[in-house]
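Visitor: Got input-v5.cif for you, mmCIF, C-alpha atoms:
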data_start
#
loop_
_atom_site.label_atom_id
_atom_site.label_comp_id
_atom_site.auth_asym_id
_atom_site.auth_seq_id
_atom_site.Cartn_x
_atom_site.Cartn_y
_atom_site.Cartn_z
CA MET A 330 -34.58 140.10 -135.70
CA VAL A 331 -34.46 143.88 -135.48
CA LYS A 332 -37.46 145.80 -136.74
CA THR A 333 -38.36 149.48 -136.80
CA VAL A 334 -41.86 149.57 -135.35
CA MET A 335 -44.36 152.43 -135.43
CA GLU A 336 -47.06 152.65 -132.77
CA ALA A 337 -49.86 151.54 -135.11
CA GLU A 338 -48.18 148.20 -135.83
CA PHE A 339 -46.73 147.57 -132.35
CA ASP A 340 -49.25 144.96 -131.14
CA THR A 341 -49.13 142.92 -134.34
CA ALA A 342 -45.34 143.03 -134.51
CA THR A 343 -44.76 141.90 -130.92
CA LYS A 344 -47.58 139.42 -130.41
CA GLU A 345 -45.43 136.30 -130.83
CA GLY A 346 -42.13 135.40 -129.22
CA PHE A 347 -39.87 137.45 -127.00
CA TRP A 348 -39.44 141.12 -127.86
CA ILE A 349 -37.45 143.99 -126.45
CA ALA A 350 -39.05 147.33 -127.35
CA ASP A 351 -36.41 150.06 -127.34
CA PHE A 352 -37.93 153.55 -126.98
CA TYR A 353 -35.29 156.02 -128.13
CA THR A 354 -34.61 159.28 -129.91
CA ASP A 355 -31.92 159.96 -132.51
CA HIS A 356 -30.13 162.65 -130.50
CA CYS A 357 -30.03 160.84 -127.14
CA GLY A 358 -26.44 159.89 -126.16
CA PRO A 359 -27.35 157.10 -123.69
CA CYS A 360 -29.65 155.59 -126.38
CA LYS A 361 -26.60 155.16 -128.65
CA MET A 362 -24.67 153.44 -125.83
CA LEU A 363 -27.57 151.11 -125.14
CA ASP A 364 -27.99 150.38 -128.84
CA LEU A 365 -24.52 148.80 -128.99
CA VAL A 366 -25.29 146.60 -125.98
CA LEU A 367 -28.63 145.52 -127.49
CA ASN A 368 -26.90 144.67 -130.80
CA GLU A 369 -24.66 142.22 -128.96
CA ILE A 370 -27.56 140.67 -127.06
CA ILE A 371 -29.61 140.24 -130.24
CA TYR A 372 -26.69 138.70 -132.13
CA ASP A 373 -25.85 136.26 -129.34
CA ASN A 374 -29.49 135.32 -128.74
CA PRO A 375 -31.26 135.15 -132.12
CA GLU A 376 -34.46 133.99 -130.37
CA ILE A 377 -34.80 137.55 -129.00
CA ASN A 378 -36.38 140.20 -131.26
CA LEU A 379 -35.77 143.93 -131.03
CA ALA A 380 -38.42 146.53 -131.86
CA LYS A 381 -36.84 149.95 -132.41
CA CYS A 382 -39.40 152.60 -131.42
CA ASP A 383 -38.49 156.22 -132.18
CA ILE A 384 -40.72 158.21 -129.83
CA GLU A 385 -40.33 161.34 -131.93
CA LYS A 386 -41.66 159.63 -135.03
CA SER A 387 -44.31 157.79 -133.00
CA PRO A 388 -45.14 160.09 -130.03
CA ALA A 389 -48.19 158.00 -129.05
CA TYR A 390 -45.75 155.56 -127.40
CA VAL A 391 -45.03 158.09 -124.64
CA GLU A 392 -48.56 158.04 -123.25
CA ARG A 393 -49.36 154.42 -123.99
CA PHE A 394 -46.31 152.99 -122.22
CA SER A 395 -45.64 155.89 -119.81
CA VAL A 396 -42.22 156.50 -121.33
CA SER A 397 -40.84 159.24 -119.09
CA GLY A 398 -37.37 159.39 -120.66
CA THR A 399 -35.10 157.74 -123.18
CA PRO A 400 -33.82 155.15 -123.44
CA THR A 401 -36.58 152.97 -121.99
CA LEU A 402 -36.89 149.24 -122.65
CA LEU A 403 -40.00 147.10 -122.44
CA PHE A 404 -39.78 143.29 -122.34
CA LEU A 405 -42.66 141.40 -123.93
CA LEU A 406 -43.38 137.68 -124.11
CA ASP A 407 -46.10 136.75 -126.63
CA GLY A 408 -47.43 140.29 -126.42
CA GLU A 409 -47.55 140.42 -122.62
CA ILE A 410 -45.41 143.03 -120.86
CA LYS A 411 -43.00 141.25 -118.51
CA GLY A 412 -40.78 144.11 -117.39
CA THR A 413 -39.33 147.53 -118.09
CA ILE A 414 -36.17 149.52 -117.35
CA SER A 415 -34.86 152.99 -118.13
CA GLY A 416 -31.35 154.31 -118.76
CA ALA A 417 -28.24 152.94 -120.47
CA GLN A 418 -27.74 149.82 -118.35
CA PRO A 419 -24.76 147.47 -118.57
CA ARG A 420 -25.20 144.18 -120.41
CA GLU A 421 -25.21 142.09 -117.22
CA VAL A 422 -28.11 144.07 -115.73
CA LEU A 423 -30.12 143.74 -118.93
CA GLU A 424 -29.43 140.02 -119.21
CA GLU A 425 -30.72 139.41 -115.71
CA LEU A 426 -33.98 141.19 -116.55
CA ILE A 427 -34.29 139.48 -119.93
CA SER A 428 -33.70 136.09 -118.31
CA ALA A 429 -36.51 136.66 -115.78
CA ALA A 430 -38.87 138.02 -118.45
CA MET A 431 -38.18 135.22 -120.94
CA TYR A 432 -38.01 132.18 -118.74
CA GLY A 433 -39.52 133.22 -115.39
CA GLU A 434 -37.78 133.27 -112.00
CA MET B 900 -15.33 181.99 -109.71
CA ASN B 901 -15.77 183.16 -106.15
CA THR B 902 -16.58 179.81 -104.49
CA LYS B 903 -13.38 178.47 -102.97
CA PHE B 904 -12.06 174.93 -102.80
CA PRO B 905 -11.37 174.71 -99.06
CA TYR B 906 -8.51 172.18 -99.15
CA GLU B 907 -4.73 172.30 -99.50
CA GLY B 908 -2.71 170.06 -101.81
CA THR B 909 -3.64 167.94 -104.80
CA ILE B 910 -6.20 165.13 -104.68
CA ASN B 911 -4.54 161.77 -105.31
CA LEU B 912 -6.55 160.47 -108.27
CA GLU B 913 -4.55 157.25 -108.49
CA ALA B 914 -5.41 156.36 -104.88
CA TYR B 915 -9.11 156.77 -105.71
CA LEU B 916 -8.73 154.67 -108.84
CA ASP B 917 -6.98 151.95 -106.81
CA ALA B 918 -9.87 152.03 -104.33
CA TYR B 919 -12.35 151.74 -107.20
CA TRP B 920 -10.47 148.77 -108.64
CA GLN B 921 -10.99 146.93 -105.34
CA ARG B 922 -14.69 146.75 -106.19
CA LYS B 923 -15.84 143.37 -107.48
CA ASP B 924 -17.71 144.96 -110.42
CA ALA B 925 -14.95 147.45 -111.31
CA ILE B 926 -13.89 147.98 -114.93
CA ARG B 927 -10.15 147.37 -114.95
CA ALA B 928 -9.25 147.78 -118.61
CA LEU B 929 -10.39 149.41 -121.81
CA PRO B 930 -11.94 147.13 -124.42
CA THR B 931 -9.30 145.63 -126.72
CA GLU B 932 -9.17 146.26 -130.48
CA GLU B 933 -10.43 142.71 -131.09
CA GLU B 934 -13.37 143.17 -128.72
CA LEU B 935 -14.29 146.47 -130.36
CA LYS B 936 -14.14 144.97 -133.85
CA GLU B 937 -16.37 142.10 -132.70
CA ILE B 938 -18.94 144.50 -131.21
CA ALA B 939 -18.95 146.42 -134.52
CA ARG B 940 -19.28 143.21 -136.53
CA LYS B 941 -22.26 142.06 -134.48
CA GLY B 942 -23.91 145.45 -134.91
CA LEU B 943 -23.43 145.33 -138.69
CA VAL B 944 -24.54 141.77 -139.42
CA LYS B 945 -27.25 141.32 -136.77
CA ASN B 946 -29.99 141.52 -139.40
CA GLN B 947 -28.29 139.08 -141.77
CA LEU B 948 -28.00 136.13 -139.38
CA VAL B 949 -28.96 132.73 -140.72
CA LEU B 950 -29.84 130.00 -138.24
CA ALA B 951 -29.51 126.52 -139.73
CA GLU B 952 -29.95 123.12 -138.15
CA VAL B 953 -26.60 121.35 -137.72
CA PRO B 954 -26.02 118.02 -139.56
CA ALA B 955 -27.13 114.91 -137.65
CA GLY B 956 -24.52 113.75 -135.17
CA GLU B 957 -22.97 117.19 -134.54
CA THR B 958 -22.83 118.36 -130.95
CA ALA B 959 -24.08 121.62 -129.44
CA GLN B 960 -21.48 124.34 -129.03
CA ARG B 961 -21.32 127.64 -127.19
CA GLY B 962 -23.23 130.19 -129.28
CA ASP B 963 -25.67 127.64 -130.74
CA THR B 964 -29.42 128.03 -130.28
CA VAL B 965 -30.97 124.81 -129.03
CA ALA B 966 -34.54 123.63 -128.44
CA LEU B 967 -34.88 121.58 -125.26
CA LYS B 968 -37.43 119.55 -123.43
CA THR B 969 -36.91 119.97 -119.69
CA VAL B 970 -38.34 117.99 -116.79
CA SER B 971 -38.16 119.14 -113.18
CA GLU B 972 -40.13 120.06 -110.08
CA LEU B 973 -39.09 123.66 -110.79
CA PRO B 974 -41.64 125.28 -113.16
CA LYS B 975 -38.91 127.22 -115.00
CA PHE B 976 -37.29 123.90 -115.91
CA HIS B 977 -40.41 121.92 -116.76
CA LYS B 978 -41.18 122.77 -120.38
CA GLU B 979 -42.20 120.76 -123.41
CA ARG B 980 -40.07 123.00 -125.62
CA VAL B 981 -37.88 125.91 -124.68
CA THR B 982 -35.40 127.74 -126.92
CA VAL B 983 -32.03 128.63 -125.40
CA SER B 984 -28.86 130.20 -126.79
CA ILE B 985 -25.92 128.54 -125.08
CA GLY B 986 -23.27 130.61 -123.41
CA ARG B 987 -24.47 133.71 -121.54
CA GLY B 988 -26.59 131.86 -118.95
CA LEU B 989 -29.88 133.54 -119.77
CA TYR B 990 -31.68 130.25 -119.04
CA ASP B 991 -29.23 128.72 -116.56
CA ARG B 992 -25.42 128.58 -116.62
CA THR B 993 -25.15 125.07 -115.13
CA LEU B 994 -27.66 123.60 -117.57
CA GLU B 995 -26.17 125.41 -120.57
CA ALA B 996 -22.70 124.09 -119.68
CA ALA B 997 -24.09 120.55 -119.47
CA ILE B 998 -25.77 120.86 -122.89
CA GLU B 999 -22.51 121.77 -124.61
CA GLY B 1000 -21.22 118.62 -126.30
CA LEU B 1001 -24.62 116.86 -126.55
CA LYS B 1002 -26.17 115.72 -129.84
CA ALA B 1003 -29.83 116.09 -130.77
CA GLY B 1004 -31.75 113.36 -128.94
CA GLU B 1005 -29.27 113.16 -126.04
CA SER B 1006 -30.11 114.14 -122.46
CA CYS B 1007 -28.31 115.41 -119.38
CA GLU B 1008 -29.23 115.78 -115.74
CA VAL B 1009 -28.04 118.60 -113.47
CA LEU B 1010 -28.92 119.85 -110.00
CA ILE B 1011 -30.41 123.35 -109.83
CA LYS B 1012 -31.38 124.71 -106.42
CA GLU B 1013 -30.78 121.15 -105.16
CA LYS B 1014 -33.52 119.77 -107.48
CA PRO B 1015 -32.77 117.43 -110.40
CA VAL B 1016 -33.39 118.89 -113.85
CA THR B 1017 -33.35 116.67 -116.95
CA ALA B 1018 -32.92 118.29 -120.35
CA THR B 1019 -33.24 116.57 -123.73
CA VAL B 1020 -31.87 118.27 -126.83
CA LEU B 1021 -34.58 118.42 -129.50
CA GLU B 1022 -32.81 120.53 -132.10
CA ILE B 1023 -29.50 122.35 -132.53
CA ARG B 1024 -29.24 125.42 -134.76
CA ARG B 1025 -26.05 127.28 -135.56
CA LYS B 1026 -25.77 130.87 -136.70
CA SER B 1027 -23.80 132.10 -139.64
CA ALA B 1028 -23.40 135.65 -140.87
CA PRO B 1029 -21.86 137.27 -143.94
CA GLU B 1030 -18.82 139.53 -143.74
CA PRO B 1031 -19.79 143.14 -142.94
CA THR B 1032 -20.05 145.45 -145.94
CA ASP B 1033 -20.25 149.21 -146.44
CA GLU B 1034 -23.86 148.73 -147.62
CA MET B 1035 -24.73 147.21 -144.22
CA ALA B 1036 -23.07 150.16 -142.46
CA ALA B 1037 -24.98 152.70 -144.57
CA ALA B 1038 -28.28 150.81 -144.05
CA LEU B 1039 -28.06 151.40 -140.30
CA GLN B 1040 -28.72 155.14 -140.87
CA GLN B 1041 -26.50 155.70 -137.81
CA LYS B 1042 -24.96 159.08 -137.06
CA ASP B 1043 -21.52 159.27 -135.45
CA MET B 1044 -20.66 161.37 -132.37
CA ARG B 1045 -20.36 164.49 -134.57
CA GLY B 1046 -23.70 163.95 -136.28
CA ASN B 1047 -22.33 162.64 -139.60
CA LEU B 1048 -24.16 159.75 -141.23
CA ILE B 1049 -22.01 156.60 -141.17
CA GLN B 1050 -21.40 155.16 -144.64
CA THR B 1051 -18.65 152.53 -144.32
CA VAL B 1052 -17.55 149.62 -142.12
CA ALA B 1053 -14.44 151.58 -141.12
CA GLU B 1054 -16.55 154.55 -140.03
CA TYR B 1055 -18.86 152.28 -138.03
CA GLU B 1056 -15.86 150.61 -136.35
CA ALA B 1057 -14.45 154.02 -135.44
CA TYR B 1058 -17.84 155.06 -134.04
CA VAL B 1059 -18.11 151.88 -131.91
CA LYS B 1060 -14.58 152.38 -130.63
CA GLU B 1061 -15.23 155.98 -129.62
CA GLN B 1062 -18.57 155.11 -127.98
CA LYS B 1063 -17.26 152.12 -126.00
CA ILE B 1064 -14.08 153.81 -124.79
CA ASN B 1065 -16.04 156.89 -123.80
CA GLU B 1066 -18.59 154.73 -121.99
CA THR B 1067 -15.84 152.86 -120.11
CA LEU B 1068 -14.13 156.07 -119.01
CA ALA B 1069 -17.45 157.69 -118.05
CA THR B 1070 -18.31 154.72 -115.81
CA ILE B 1071 -14.95 154.77 -114.04
CA ASN B 1072 -15.03 158.57 -113.74
CA TYR B 1073 -18.53 158.43 -112.23
CA TYR B 1074 -17.54 156.12 -109.36
CA VAL B 1075 -14.22 157.84 -108.70
CA VAL B 1076 -15.66 161.37 -108.70
CA GLU B 1077 -18.56 160.28 -106.50
CA ALA B 1078 -16.05 159.05 -103.89
CA ILE B 1079 -13.91 162.19 -104.17
CA MET B 1080 -16.95 164.46 -103.80
CA LYS B 1081 -17.84 162.73 -100.54
CA ASP B 1082 -14.32 163.16 -99.14
CA TYR B 1083 -13.92 166.75 -100.37
CA PRO B 1084 -17.28 168.44 -99.83
CA VAL B 1085 -17.85 172.11 -100.59
CA THR B 1086 -20.37 173.57 -98.19
CA GLU B 1087 -20.21 177.29 -98.95
CA TYR B 1088 -21.26 178.21 -102.47
CA GLU B 1089 -21.35 181.81 -103.63
CA GLU B 1090 -24.88 182.54 -104.81
CA GLU B 1091 -23.44 184.94 -107.40
CA ASP B 1092 -21.63 182.00 -109.06
CA ILE B 1093 -24.87 180.04 -109.21
CA ARG B 1094 -26.71 183.02 -110.72
CA ILE B 1095 -24.05 183.41 -113.44
CA LEU B 1096 -24.13 179.68 -114.26
CA GLY B 1097 -27.91 179.94 -114.62
CA GLU B 1098 -27.48 182.83 -117.09
CA LEU B 1099 -24.86 180.90 -119.07
CA GLU B 1100 -27.08 177.83 -119.26
CA GLU B 1101 -30.08 179.93 -120.24
CA LYS B 1102 -28.16 181.43 -123.18
CA ALA B 1103 -26.78 178.04 -124.23
CA PHE B 1104 -30.18 176.34 -124.05
CA ILE B 1105 -31.88 179.10 -126.06
CA GLN B 1106 -29.29 178.62 -128.81
CA ILE B 1107 -29.28 174.78 -128.72
CA PHE B 1108 -33.07 174.45 -128.79
CA GLN B 1109 -33.38 177.05 -131.54
CA GLU B 1110 -30.81 175.31 -133.73
CA GLN B 1111 -31.62 171.66 -133.05
CA GLU B 1112 -35.34 171.61 -132.26
CA GLY B 1113 -36.60 174.86 -133.78
CA ILE B 1114 -38.07 175.78 -130.39
CA ASP B 1115 -37.94 179.38 -129.13
CA LEU B 1116 -37.55 178.86 -125.38
CA HIS B 1117 -38.63 182.47 -124.72
CA ARG B 1118 -42.08 181.53 -125.97
CA GLN B 1119 -42.48 177.82 -125.18
CA VAL B 1120 -40.71 174.91 -123.48
CA PRO B 1121 -40.46 171.33 -124.82
CA GLN B 1122 -43.50 169.18 -124.12
CA SER B 1123 -41.29 166.73 -122.19
CA TRP B 1124 -40.29 169.46 -119.68
CA GLU B 1125 -43.95 170.10 -118.95
CA GLU B 1126 -44.88 166.42 -118.75
CA ASP B 1127 -41.84 165.05 -116.91
CA MET B 1128 -40.90 167.93 -114.67
CA GLY B 1129 -44.01 170.11 -114.54
CA ILE B 1130 -41.94 173.05 -115.83
CA HIS B 1131 -43.73 175.69 -117.91
CA SER B 1132 -41.03 178.31 -118.53
CA LEU B 1133 -37.27 178.55 -119.03
CA GLU B 1134 -37.03 180.78 -115.94
CA GLU B 1135 -38.66 178.05 -113.84
CA PHE B 1136 -36.25 175.48 -115.29
CA ILE B 1137 -33.18 177.57 -114.40
CA THR B 1138 -34.47 178.16 -110.85
CA LYS B 1139 -35.01 174.41 -110.37
CA ARG B 1140 -31.43 173.76 -111.52
CA HIS B 1141 -29.97 175.49 -108.43
CA ASP B 1142 -28.67 172.22 -106.90
CA TRP B 1143 -27.18 171.11 -110.21
CA TYR B 1144 -25.18 174.37 -110.44
CA GLN B 1145 -23.72 173.59 -107.00
CA ILE B 1146 -22.69 170.13 -108.22
CA LYS B 1147 -21.23 171.70 -111.37
CA ILE B 1148 -19.13 174.12 -109.28
CA HIS B 1149 -18.04 171.29 -107.02
CA GLN B 1150 -17.00 169.07 -109.92
CA CYS B 1151 -15.14 171.91 -111.65
CA LEU B 1152 -13.19 172.67 -108.48
CA LEU B 1153 -12.25 168.98 -108.07
CA TYR B 1154 -11.24 168.59 -111.71
CA LEU B 1155 -9.14 171.77 -111.65
CA ASN B 1156 -7.35 170.50 -108.54
CA ILE B 1157 -6.71 167.03 -110.01
CA LEU B 1158 -5.67 168.43 -113.41
CA ASN B 1159 -3.56 171.11 -111.73
CA LEU B 1160 -5.22 173.96 -113.62
CA PRO B 1161 -6.03 177.49 -112.43
CA CYS B 1162 -9.66 178.54 -112.05
CA GLU B 1163 -9.45 181.49 -114.41
CA GLY B 1164 -10.25 182.47 -117.98
CA LYS B 1165 -11.03 179.47 -120.17
CA THR B 1166 -11.03 177.01 -117.25
CA ASP B 1167 -13.40 179.07 -115.09
CA PRO B 1168 -16.96 177.67 -115.32
CA LEU B 1169 -18.22 181.24 -115.19
CA ASP B 1170 -16.34 181.98 -118.43
CA HIS B 1171 -18.36 179.75 -120.75
CA TYR B 1172 -20.98 177.01 -120.55
CA GLU B 1173 -18.84 174.15 -121.88
CA VAL B 1174 -16.10 174.35 -119.19
CA LEU B 1175 -17.43 171.36 -117.22
CA SER B 1176 -17.59 169.11 -120.29
CA GLU B 1177 -14.12 170.24 -121.39
CA LEU B 1178 -12.69 169.49 -117.93
CA THR B 1179 -14.54 166.14 -117.85
CA GLU B 1180 -12.90 165.25 -121.18
CA GLN B 1181 -9.49 166.07 -119.71
CA MET B 1182 -10.32 163.85 -116.71
CA PHE B 1183 -11.23 161.03 -119.11
CA ASN B 1184 -7.87 161.50 -120.86
CA LYS B 1185 -6.04 161.33 -117.53
CA ILE B 1186 -7.90 158.18 -116.47
CA GLU B 1187 -7.27 156.63 -119.90
CA THR B 1188 -3.52 157.29 -119.55
CA ILE B 1189 -3.45 155.64 -116.12
CA LEU B 1190 -5.55 152.69 -117.36
CA ARG B 1191 -3.30 152.07 -120.36
CA ARG B 1192 -0.20 152.28 -118.15
CA ASN B 1193 -1.50 150.03 -115.34
CA HIS B 1194 -3.53 147.39 -117.18
#
Could you render the structure as structure tokens?

Guide:
Amino acid sequence: MVKTVMEAEFDTATKEGFWIADFYTDHCGPCKMLDLVLNEIIYDNPEINLAKCDIEKSPAYVERFSVSGTPTLLFLLDGEIKGTISGAQPREVLEELISAAMYGE
Amino acid sequence: MNTKFPYEGTINLEAYLDAYWQRKDAIRALPTEEELKEIARKGLVKNQLVLAEVPAGETAQRGDTVALKTVSELPKFHKERVTVSIGRGLYDRTLEAAIEGLKAGESCEVLIKEKPVTATVLEIRRKSAPEPTDEMAAALQQKDMRGNLIQTVAEYEAYVKEQKINETLATINYYVVEAIMKDYPVTEYEEEDIRILGELEEKAFIQIFQEQEGIDLHRQVPQSWEEDMGIHSLEEFITKRHDWYQIKIHQCLLYLNILNLPCEGKTDPLDHYEVLSELTEQMFNKIETILRRNH
């Protein structure tokens, strides 16, 4: 499932299951590259949910999650932060992180 | 430009590409039309997926999402119920391969890190998705590379194609240029060149921020500059970019050599701000030609 999530509803939206929070802005080139990779991951693994978090529409994210640049991803399992990464990473790198965050080492 | 490229002859781009292709993780080909269409399809229908349990007696296939009970000494593989999509190895490649072909209720045993792991299939669910439609494309609210809102499947496919090919070429270009920069260093930069690049960037940034963000950089800088870089004025930003201007000069000199272009007029980075991106685009075109010919 892909959901646009504002800061006020973030905790409720991500409290169950595995979520990737994607902090992005509309005019960030690497965010667009990453978006295509995330689409594939979400399609191939329907048990993973994606929260799209536009930091311009919800600037409180920046301070709360120390988002220092876009794109930044946060991995959450049942509401608990399990990892984070910045930049437009290749699919293989993301899958390794997702695997560790979802299932443990 | 006054900074000189202190080498004779033309850099052999193909030799650097061949060296890059020796890397285990190298990208050796552009994505095919079929791959690009599939990426676009997944992007369009990802919100319309339906997961349904397969009829009794059907076996698990690659791409299915299965619920398993796993038993092992390894904590990762000792779970009452764990959900796994088979195929990409997010849980474990060996186990996922062993699950393919099993029916609900059946078990398999594999060795992982020399420890036995038993997995029992509790449930098999298979995804189905509708054909992409223009409505799905428009619902994404996605802008293409030129800032136009995408309205149709064809436009979204074109956008994905442009993005993915650009991304592929940018990755290859990054590794190749990094290697060339090491072999062909420039150690003497003319400070006058750096000063002019700073002025060009200053003018460009003032215009871009005015038009796109409504920010007058003479009076304020974006909040992110202050928070991320501790920069409080445009002048401070330009001063801190000194090393980047050296890299920009270096890259321009390498690109001009490889592309066999003179460093004057419209290809001189001191002529206008966009020269580096224009030369980079030409490098991408050259790499794309070689890729299409060789692979």

Visitor: As an exercise, work out the distance from CA of Tyr1154 in chain B to CA of Glu1101 in chain B in Å and give it to one decimal place.

Guide: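 One can read the CA of Tyr1154 in chain B to CA of Glu1101 in chain B distance as 23.6 Å.
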
Visitor: Specify as a short mmCIF file (atom, residue, chain, number, x, y, z; two decimals) with C-alpha atoms, in the coordinates of the input all residues of chain A found within 8 Å of chain B, counting only C-alpha atoms.

Guide:
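Result went into selection-v4.cif, see below:
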data_model
loop_
_atom_site.label_atom_id
_atom_site.label_comp_id
_atom_site.auth_asym_id
_atom_site.auth_seq_id
_atom_site.Cartn_x
_atom_site.Cartn_y
_atom_site.Cartn_z
CA MET A 330 -34.58 140.10 -135.70
CA VAL A 331 -34.46 143.88 -135.48
CA MET A 362 -24.67 153.44 -125.83
CA LEU A 365 -24.52 148.80 -128.99
CA ASN A 368 -26.90 144.67 -130.80
CA GLU A 369 -24.66 142.22 -128.96
CA ILE A 371 -29.61 140.24 -130.24
CA TYR A 372 -26.69 138.70 -132.13
CA ASP A 373 -25.85 136.26 -129.34
CA ASN A 374 -29.49 135.32 -128.74
CA PRO A 375 -31.26 135.15 -132.12
CA GLU A 376 -34.46 133.99 -130.37
CA SER A 397 -40.84 159.24 -119.09
CA GLU A 424 -29.43 140.02 -119.21
CA GLU A 425 -30.72 139.41 -115.71
CA ILE A 427 -34.29 139.48 -119.93
CA SER A 428 -33.70 136.09 -118.31
CA TYR A 432 -38.01 132.18 -118.74
CA GLY A 433 -39.52 133.22 -115.39
CA GLU A 434 -37.78 133.27 -112.00
#

Visitor: Quick one: of B:Asp917, B:Glu1180, B:Asp1033, B:Glu1056, who's nearest to Ala1069 in chain B, counting only C-alpha atoms?

Guide: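 Of all the options, B:Glu1180 lies closest to Ala1069 in chain B.
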
Visitor: Show which residues sit within 10 Å of Lys381 in chain A, as a PyMOL selection string. Count all atoms listed in the file, and ignore same-chain residues fewer than 5 positions away.

Guide: chain A and resi 331-335+349-354+364+402

Visitor: Given the PyMOL selection byres ((chain B and resi 1137-1140) around 12) and the file above, list the residues it selects as number ranges by chain.

Guide: B: 1093-1105, 1116, 1124, 1128-1136, 1141-1147

Visitor: Suppose you want the space between CA of Asp355 in chain A and CA of Phe1108 in chain B; what is it in Å?

Guide: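 So the two atoms, CA of Asp355 in chain A and CA of Phe1108 in chain B, lie 15.0 Å apart.
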
Visitor: Between CA of Leu403 in chain A and CA of Leu379 in chain A, what is the distance, to one decimal in Å?

Guide: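 Those two atoms sit 10.1 Å apart.
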
Visitor: Can you tell me which residues surround range 410-416 of chain A at a distance of at most 8 Å, considering all atoms listed in the file, apart from same-chain residues fewer than 2 positions away, and format the answer as a PyMOL selection string?

Guide: chain A and resi 359-360+398-406+408+418+426+430

Visitor: What would the selection look like, as a ChimeraX atom specification, if the PyMOL selection byres ((chain B and resi 1070-1073) around 9) were run on the coordinates I just shared?

Guide: /B:916,919,925-927,1065-1069,1074-1078,1179,1182-1183,1186

Visitor: Given the selection you just returned, output its residues as a file containing C-alpha atoms, formatted as a PDB file, in the coordinates of the input.

Guide:
ATOM      1  CA  LEU B 916      -8.730 154.670-108.840  1.00  0.00           C
ATOM      2  CA  TYR B 919     -12.350 151.740-107.200  1.00  0.00           C
ATOM      3  CA  ALA B 925     -14.950 147.450-111.310  1.00  0.00           C
ATOM      4  CA  ILE B 926     -13.890 147.980-114.930  1.00  0.00           C
ATOM      5  CA  ARG B 927     -10.150 147.370-114.950  1.00  0.00           C
ATOM      6  CA  ASN B1065     -16.040 156.890-123.800  1.00  0.00           C
ATOM      7  CA  GLU B1066     -18.590 154.730-121.990  1.00  0.00           C
ATOM      8  CA  THR B1067     -15.840 152.860-120.110  1.00  0.00           C
ATOM      9  CA  LEU B1068     -14.130 156.070-119.010  1.00  0.00           C
ATOM     10  CA  ALA B1069     -17.450 157.690-118.050  1.00  0.00           C
ATOM     11  CA  TYR B1074     -17.540 156.120-109.360  1.00  0.00           C
ATOM     12  CA  VAL B1075     -14.220 157.840-108.700  1.00  0.00           C
ATOM     13  CA  VAL B1076     -15.660 161.370-108.700  1.00  0.00           C
ATOM     14  CA  GLU B1077     -18.560 160.280-106.500  1.00  0.00           C
ATOM     15  CA  ALA B1078     -16.050 159.050-103.890  1.00  0.00           C
ATOM     16  CA  THR B1179     -14.540 166.140-117.850  1.00  0.00           C
ATOM     17  CA  MET B1182     -10.320 163.850-116.710  1.00  0.00           C
ATOM     18  CA  PHE B1183     -11.230 161.030-119.110  1.00  0.00           C
ATOM     19  CA  ILE B1186      -7.900 158.180-116.470  1.00  0.00           C
TER      20      ILE B1186
END

Visitor: With all atoms listed in the file as the basis for distance, which of B:Leu1190, B:Leu1021, B:Leu912, B:Leu994 is at the shortest distance from Glu952 in chain B?

Guide: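 Of B:Leu1190, B:Leu1021, B:Leu912, B:Leu994, the one nearest Glu952 in chain B is B:Leu1021, counting all atoms listed in the file.
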